[in-house]
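To start, the structure under review is shown below, and the notes come after it.
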Amino acid sequence: MSTNQAEQTAEADGGGVPDADGVLDPRQLRTILIAVSIALMAVVASVSGLNVAQTHLAVEFDASQSTILWIINIYTLVLAALLLPLGAIGDRLGRKPMLIAGLGVFGVANVLAGLAPTVEVMLAARVAGGVGAAMIMPITLAVITSTFPEEQRAKAIGVWTGVAGGGGILGMFLSALLVDVADWRWLFVLPVVLTVVALGMTSKSVPNSREKPAHRFDTVGALVSTVAVIGLIFVLQEGPERGWTAPATLISFAVGLIAAVGFVAWELRRRDAALLDVRLFRERGLAGGSITLLVVFGVQAGIAVVLFPFFQAVLGWSGLLSTLALMPMAVMMMMASGLAPKLAARFGSRATMAVGIALAGTGLALMALFVSADGGYLTILPGMLAMGIGMGLSMTPSTEAITGSLPREKQGVASALNDVTREFGTALGVALLGALLSAGYRSAIDDRLHGVPQGAADTAREGIANAVGVAGGTGPHAQDLVHAARQSFVDGWQQAMWAGVAVMGTLFLYIAFRGPTNEAPATVDEPEATEAVAAP
């Protein structure tokens with residue numbers, strides 16, 4: 001347990017006045033939940049939205065694919081790197097001011113990105129957007145865990161988890177719709193509108209809470225954690241593009257690993273004054289919740305890498321139709337996230353997480369068994385639905401296990417840890433499942449290129465989109481080349497899916513035997529002093 005002693009101050013400045021027991025009424029709590037959910041939706045929609053506009057960005061800025069990937073990835077890199085420090089600062093300075101400031105920075109950054117005349121301006125805007133997002137994301141969950149009474153907290157966390165999990169897919173669909181009916185620059189209208197709405201609701205309805213710390217801010221820990229996250233996320237983002245043995249990749253990995261080890265050593269030395277008390281990872285709740293989110297979000301992100309080329313290159317669908325095809329999985333995920341707290345209350349967090357993991361693994365197995373280029377979408381839909389339900393059931397109790405493992409005055413840090421775990425999982429899943437798919441595709445297509453001109457065959461080995469693009473110039477071999485590429489992609493798909501099944505099976509065993517127990521949330525060693533201050 002953390003022994004950090006702190007005094008909580010709850011301020012009702014425009015955020016509703018608590019009753020005699022310090023509890024807001026249901027209408028106020030509902031408004032708070034809507035406000036933070038809209039703010040979270042703005043952040044997660046910006047993570048995935050630009051993926052549907054890569055071609056438009058390349059044409060607009062005359063940029064290379066590497067530059068386009070930097071425009072997309074630098075937002076996530078900055079977001080992940082600053083989550084822990086800014087979450088901790090929000091605990092100290094006040095969660096409401098941090099959320100308002102973050103929304104302001106995020107909104108301005110997206111306006112600037114939408115108007116960006118050059119690549120340099122776009123990159124700067126995406127960096128600023130990442131900073132604003134890192135101020136917003138951990139605070140949205142911290143507001144829930146510090147405001148909602150214990151009997152309603154799990155349900156609110158379920159809503160938050162549903163938005164965090166399904167919001168990216170919904171944001172991608174809306175972004176693709178805007179690209180199709182308007183222009184790629186309209187992509188930034190969505191997060192700006194959501195930001196303005198969230199800003200108005202936050203200013204009016206969200207109460208403030210902050211920590212009065214007994215120790216100075218852990219500046220060294222904040223800086224070292226930032227270096228560690230940047231180094232390791234950079235490896236996962238750039239490794240597939242630059243090569244895993246490229247000097248930049250190896251140097252980044254070494255810096256990230258050394259910084260991560262240094263962070264753990266420093267935090268153990270700081271103990272109660274640490275930015276993140278790493279001793280808490282001995283607890284089943286924090287360890288099990290973090291590992292589950294890492295794996296589940298990794299598999300979800302990796303599946304997206306597999307599904308999009310299947311829809312577009314194998315089935316020949318547009319970007320808009322491809323994102324629409326993901327919506328059933330997102331809907332199931334959001335519905336299951338709302339149901340998970342009731343199941344956890346009745347059967348326990350560990351059982352709920354285990355069932356969710358088993359369902360997600362079953363979904364992967366169904367897709368691996370029945371996927372077919374000829375059968376199309378219906379061959380993978382049952383697996384997608386099972387995956388959506390399974391991920392929703394596992395994510396909510398995992399998030400609650402993480403936030404419940406840290407004391408109330410550390411909820412900004414707890415929320416940030418939850419978010420960092422998701423970002424690491426996403427980057428890891430994209431890198432590993434994407435690499436497995438590519439390796440499986442190349443291995444399968446080698447035996448199907450007999451008679452195809454050498455130049456076209458070499459191009460086809462690079463990926464299914466390349467094969468479809470070059471097929472038109474191969475004369476009588478065109479149809480055979482497209483068929484070979486599609487079948488090879490399905491072979492690579494199956495290899496990636498079975499790898500995912502193995503990972504989920506391992507996670508299932510871990511949670512079944514070492515998953516969270518239904519213990520009360522962590523508290524400080526000394527009684528917590530709480531002071532309510534009404535607005536003047």
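Residues are named by chain letter and number: chains run A, B, ... in the order of the structure tokens, numbers start at 1 in each chain, and ligands are numbered from 1 in the order shown.
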
Contact check, stretch 100-161 of chain A to stretch 62-78 of chain A, at most 8 Å, counting only C-alpha atoms, closest pairs as JSON lines:
```
{"residue": "A:Val119", "atom": "CA", "partner": "A:Ala63", "partner_atom": "CA", "distance": 7.8}
{"residue": "A:Met122", "atom": "CA", "partner": "A:Ile71", "partner_atom": "CA", "distance": 7.1}
{"residue": "A:Leu123", "atom": "CA", "partner": "A:Ile71", "partner_atom": "CA", "distance": 5.7}
{"residue": "A:Arg126", "atom": "CA", "partner": "A:Tyr75", "partner_atom": "CA", "distance": 5.3}
{"residue": "A:Val127", "atom": "CA", "partner": "A:Tyr75", "partner_atom": "CA", "distance": 5.6}
{"residue": "A:Gly129", "atom": "CA", "partner": "A:Tyr75", "partner_atom": "CA", "distance": 6.6}
{"residue": "A:Gly130", "atom": "CA", "partner": "A:Tyr75", "partner_atom": "CA", "distance": 4.6}
{"residue": "A:Val131", "atom": "CA", "partner": "A:Val78", "partner_atom": "CA", "distance": 6.3}
{"residue": "A:Ala134", "atom": "CA", "partner": "A:Val78", "partner_atom": "CA", "distance": 7.7}
```

Next, write the just-selected residues to a file, as a compact mmCIF listing (two decimals), in the first residue's frame, keeping C-alpha atoms as the atom set.
```txt
# COMPACT_ATOMS: atom_id res chain seq x y z
CA VAL A 119 4.15 19.84 -42.83
CA MET A 122 1.04 20.24 -38.95
CA LEU A 123 3.70 18.44 -36.90
CA ARG A 126 0.00 17.45 -33.55
CA VAL A 127 2.64 17.79 -30.80
CA GLY A 129 -2.53 18.24 -29.51
CA GLY A 130 -0.68 15.40 -27.80
CA VAL A 131 0.19 17.67 -24.86
CA ALA A 134 -2.20 14.08 -22.02
```

Q.
List as an MDAnalysis selection string the protein and nucleic acid residues near stretch 332-345 of chain A, meaning an atom at most 8 Å away when only C-alpha atoms are counted, but skip any in the same chain fewer than 3 places from it.
A. chainID A and resid 154:155 158:159 161:163 165:166 328:329 348:352 385 387:397

Q: For atom CA of A:Ser372 and atom CA of A:Asn51, determine how far apart the two atoms are, in Å to one decimal place.
A: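 Atom CA of A:Asn51 lies 25.5 Å from atom CA of A:Ser372.
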
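We find atom CA of A:Val452 and atom CA of A:Gly473 to be spaced 10.6 Å apart.
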
Q. Nearest to A:Val314: which of A:Gly376, A:Pro382, A:Gly302, A:Gly361 is it, counting only C-alpha atoms?
A. A:Gly376

Q) Tell me, which residues of stretch 161-371 of chain A carry DSSP alpha helix (DSSP H), written as a ChimeraX atom specification? A) /A:161-181,189-205,219-242,247-270,284-309,319-347,349-370

Q: as JSON, numbers by chain, list the residues of stretch 14-252 of chain A assigned to strand (DSSP E or B) by DSSP on the backbone atoms of this structure.
A: {"A": [208, 209, 210, 211, 212, 213]}

Can I get the selection written as a PDB file, in the first residue's frame, with N, CA and C atoms?
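Final output, saved to result20.pdb:
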```
ATOM      1  N   ASN A 208     -14.202  20.520  -8.689  1.00  0.00           N
ATOM      2  CA  ASN A 208     -12.744  20.396  -8.624  1.00  0.00           C
ATOM      3  C   ASN A 208     -12.354  19.543  -7.434  1.00  0.00           C
ATOM      4  N   SER A 209     -11.251  18.852  -7.565  1.00  0.00           N
ATOM      5  CA  SER A 209     -10.657  18.116  -6.450  1.00  0.00           C
ATOM      6  C   SER A 209      -9.161  18.138  -6.643  1.00  0.00           C
ATOM      7  N   ARG A 210      -8.448  18.193  -5.549  1.00  0.00           N
ATOM      8  CA  ARG A 210      -6.991  18.216  -5.648  1.00  0.00           C
ATOM      9  C   ARG A 210      -6.384  17.634  -4.389  1.00  0.00           C
ATOM     10  N   GLU A 211      -5.106  17.325  -4.505  1.00  0.00           N
ATOM     11  CA  GLU A 211      -4.347  16.734  -3.409  1.00  0.00           C
ATOM     12  C   GLU A 211      -3.486  17.804  -2.762  1.00  0.00           C
ATOM     13  N   LYS A 212      -3.423  17.779  -1.442  1.00  0.00           N
ATOM     14  CA  LYS A 212      -2.446  18.600  -0.725  1.00  0.00           C
ATOM     15  C   LYS A 212      -1.319  17.666  -0.298  1.00  0.00           C
ATOM     16  N   PRO A 213      -0.263  17.571  -1.120  1.00  0.00           N
ATOM     17  CA  PRO A 213       0.748  16.523  -0.927  1.00  0.00           C
ATOM     18  C   PRO A 213       1.633  16.765   0.286  1.00  0.00           C
TER      19      PRO A 213
END
```

Write out, as a tab-separated table, each residue of stretch 54-127 of chain A that has an atom at most 10 Å from stretch 270-284 of chain A, together with the closest pair of atoms and their distance in Å to one decimal, counting only C-alpha atoms, rows going by chain and rising number.
```
residue	atom	partner	partner_atom	distance
A:Leu84	CA	A:Leu275	CA	8.0
A:Pro85	CA	A:Leu275	CA	7.8
A:Gly87	CA	A:Leu275	CA	9.8
A:Ala88	CA	A:Leu275	CA	7.1
A:Ile89	CA	A:Leu275	CA	9.9
```

Selection above as a file: C-alpha atoms, as a PDB file, in the first residue's frame:
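What follows is the written file result_17.pdb:
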```pdb
ATOM      1  CA  LEU A  84       2.091  10.095 -15.904  1.00  0.00           C
ATOM      2  CA  PRO A  85       3.670  13.519 -15.187  1.00  0.00           C
ATOM      3  CA  GLY A  87      -1.743  13.144 -14.337  1.00  0.00           C
ATOM      4  CA  ALA A  88       0.281  13.689 -11.168  1.00  0.00           C
ATOM      5  CA  ILE A  89       0.337  17.462 -11.693  1.00  0.00           C
TER       6      ILE A  89
END
```

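Note that the spacing between atom CA of A:Gly425 and atom CA of A:Val299 amounts to 7.9 Å.
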
(Q) Given only C-alpha atoms as the basis, pick out the residue of A:Leu83, A:Val261, A:Val331, A:Ala42 nearest to A:Leu190. (A) A:Ala42

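Among A:Val43, A:Ala222, A:Leu268, A:Leu369, the residue with the shortest atom-to-atom distance to A:Val193, counting only C-alpha atoms, is A:Val43.
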
Q: Write out as number ranges by chain which residues come within 12 Å of A:Gly288 when counting only C-alpha atoms, dropping same-chain ones fewer than 5 positions away.
A: A: 280-283, 293-296, 349-350, 353-354, 394-395, 397-402, 405, 418, 421, 507-517

Q) Looking at only C-alpha atoms, which of A:Leu187, A:Ala484, A:Ala416, A:Ala431 is the one that sits closest to A:Ala496? A)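 Of all the options, A:Ala431 lies closest to A:Ala496.
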
For A:Gly114: contacts at 8 Å, only C-alpha atoms, fewer than 4 positions along chain excluded, given as a short mmCIF file (atom, residue, chain, number, x, y, z; two decimals) with all heavy atoms, in the first residue's frame:
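Saved the output as result19.cif:
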```cif
data_model
loop_
_atom_site.label_atom_id
_atom_site.label_comp_id
_atom_site.auth_asym_id
_atom_site.auth_seq_id
_atom_site.Cartn_x
_atom_site.Cartn_y
_atom_site.Cartn_z
N ASN A 110 -6.02 21.58 -32.60
CA ASN A 110 -6.77 20.98 -33.70
C ASN A 110 -7.22 22.02 -34.72
O ASN A 110 -7.28 21.72 -35.92
CB ASN A 110 -7.97 20.21 -33.15
CG ASN A 110 -7.60 18.80 -32.71
OD1 ASN A 110 -7.52 17.88 -33.50
ND2 ASN A 110 -7.36 18.66 -31.42
N ARG A 185 -9.40 18.16 -44.30
CA ARG A 185 -9.24 19.16 -43.23
C ARG A 185 -10.44 19.19 -42.29
O ARG A 185 -10.33 19.64 -41.15
CB ARG A 185 -8.99 20.53 -43.84
CG ARG A 185 -7.63 20.64 -44.53
CD ARG A 185 -7.33 22.05 -45.01
NE ARG A 185 -6.06 22.13 -45.71
CZ ARG A 185 -4.87 22.34 -45.11
NH1 ARG A 185 -4.81 22.48 -43.80
NH2 ARG A 185 -3.76 22.39 -45.82
N TRP A 186 -11.59 18.71 -42.77
CA TRP A 186 -12.76 18.66 -41.92
C TRP A 186 -12.65 17.59 -40.84
O TRP A 186 -13.48 17.54 -39.91
CB TRP A 186 -14.01 18.43 -42.77
CG TRP A 186 -14.43 19.66 -43.51
CD1 TRP A 186 -13.94 20.14 -44.68
CD2 TRP A 186 -15.45 20.58 -43.10
NE1 TRP A 186 -14.57 21.30 -45.04
CE2 TRP A 186 -15.51 21.60 -44.09
CE3 TRP A 186 -16.32 20.65 -42.01
CZ2 TRP A 186 -16.40 22.67 -44.01
CZ3 TRP A 186 -17.21 21.70 -41.93
CH2 TRP A 186 -17.25 22.70 -42.92
N LEU A 187 -11.63 16.74 -40.94
CA LEU A 187 -11.39 15.77 -39.87
C LEU A 187 -11.26 16.45 -38.51
O LEU A 187 -11.66 15.89 -37.48
CB LEU A 187 -10.11 14.98 -40.15
CG LEU A 187 -10.09 13.97 -41.29
CD1 LEU A 187 -8.69 13.43 -41.45
CD2 LEU A 187 -11.06 12.86 -41.02
N PHE A 188 -10.69 17.63 -38.50
CA PHE A 188 -10.41 18.30 -37.23
C PHE A 188 -11.62 19.05 -36.68
O PHE A 188 -11.57 19.55 -35.55
CB PHE A 188 -9.22 19.25 -37.42
CG PHE A 188 -7.96 18.54 -37.82
CD1 PHE A 188 -7.55 18.50 -39.15
CD2 PHE A 188 -7.19 17.88 -36.87
CE1 PHE A 188 -6.40 17.82 -39.52
CE2 PHE A 188 -6.04 17.21 -37.23
CZ PHE A 188 -5.64 17.17 -38.56
N VAL A 189 -12.69 19.12 -37.47
CA VAL A 189 -13.91 19.74 -36.96
C VAL A 189 -14.51 18.90 -35.84
O VAL A 189 -15.00 19.43 -34.83
CB VAL A 189 -14.94 19.92 -38.10
CG1 VAL A 189 -16.29 20.36 -37.56
CG2 VAL A 189 -14.42 20.93 -39.13
#
```
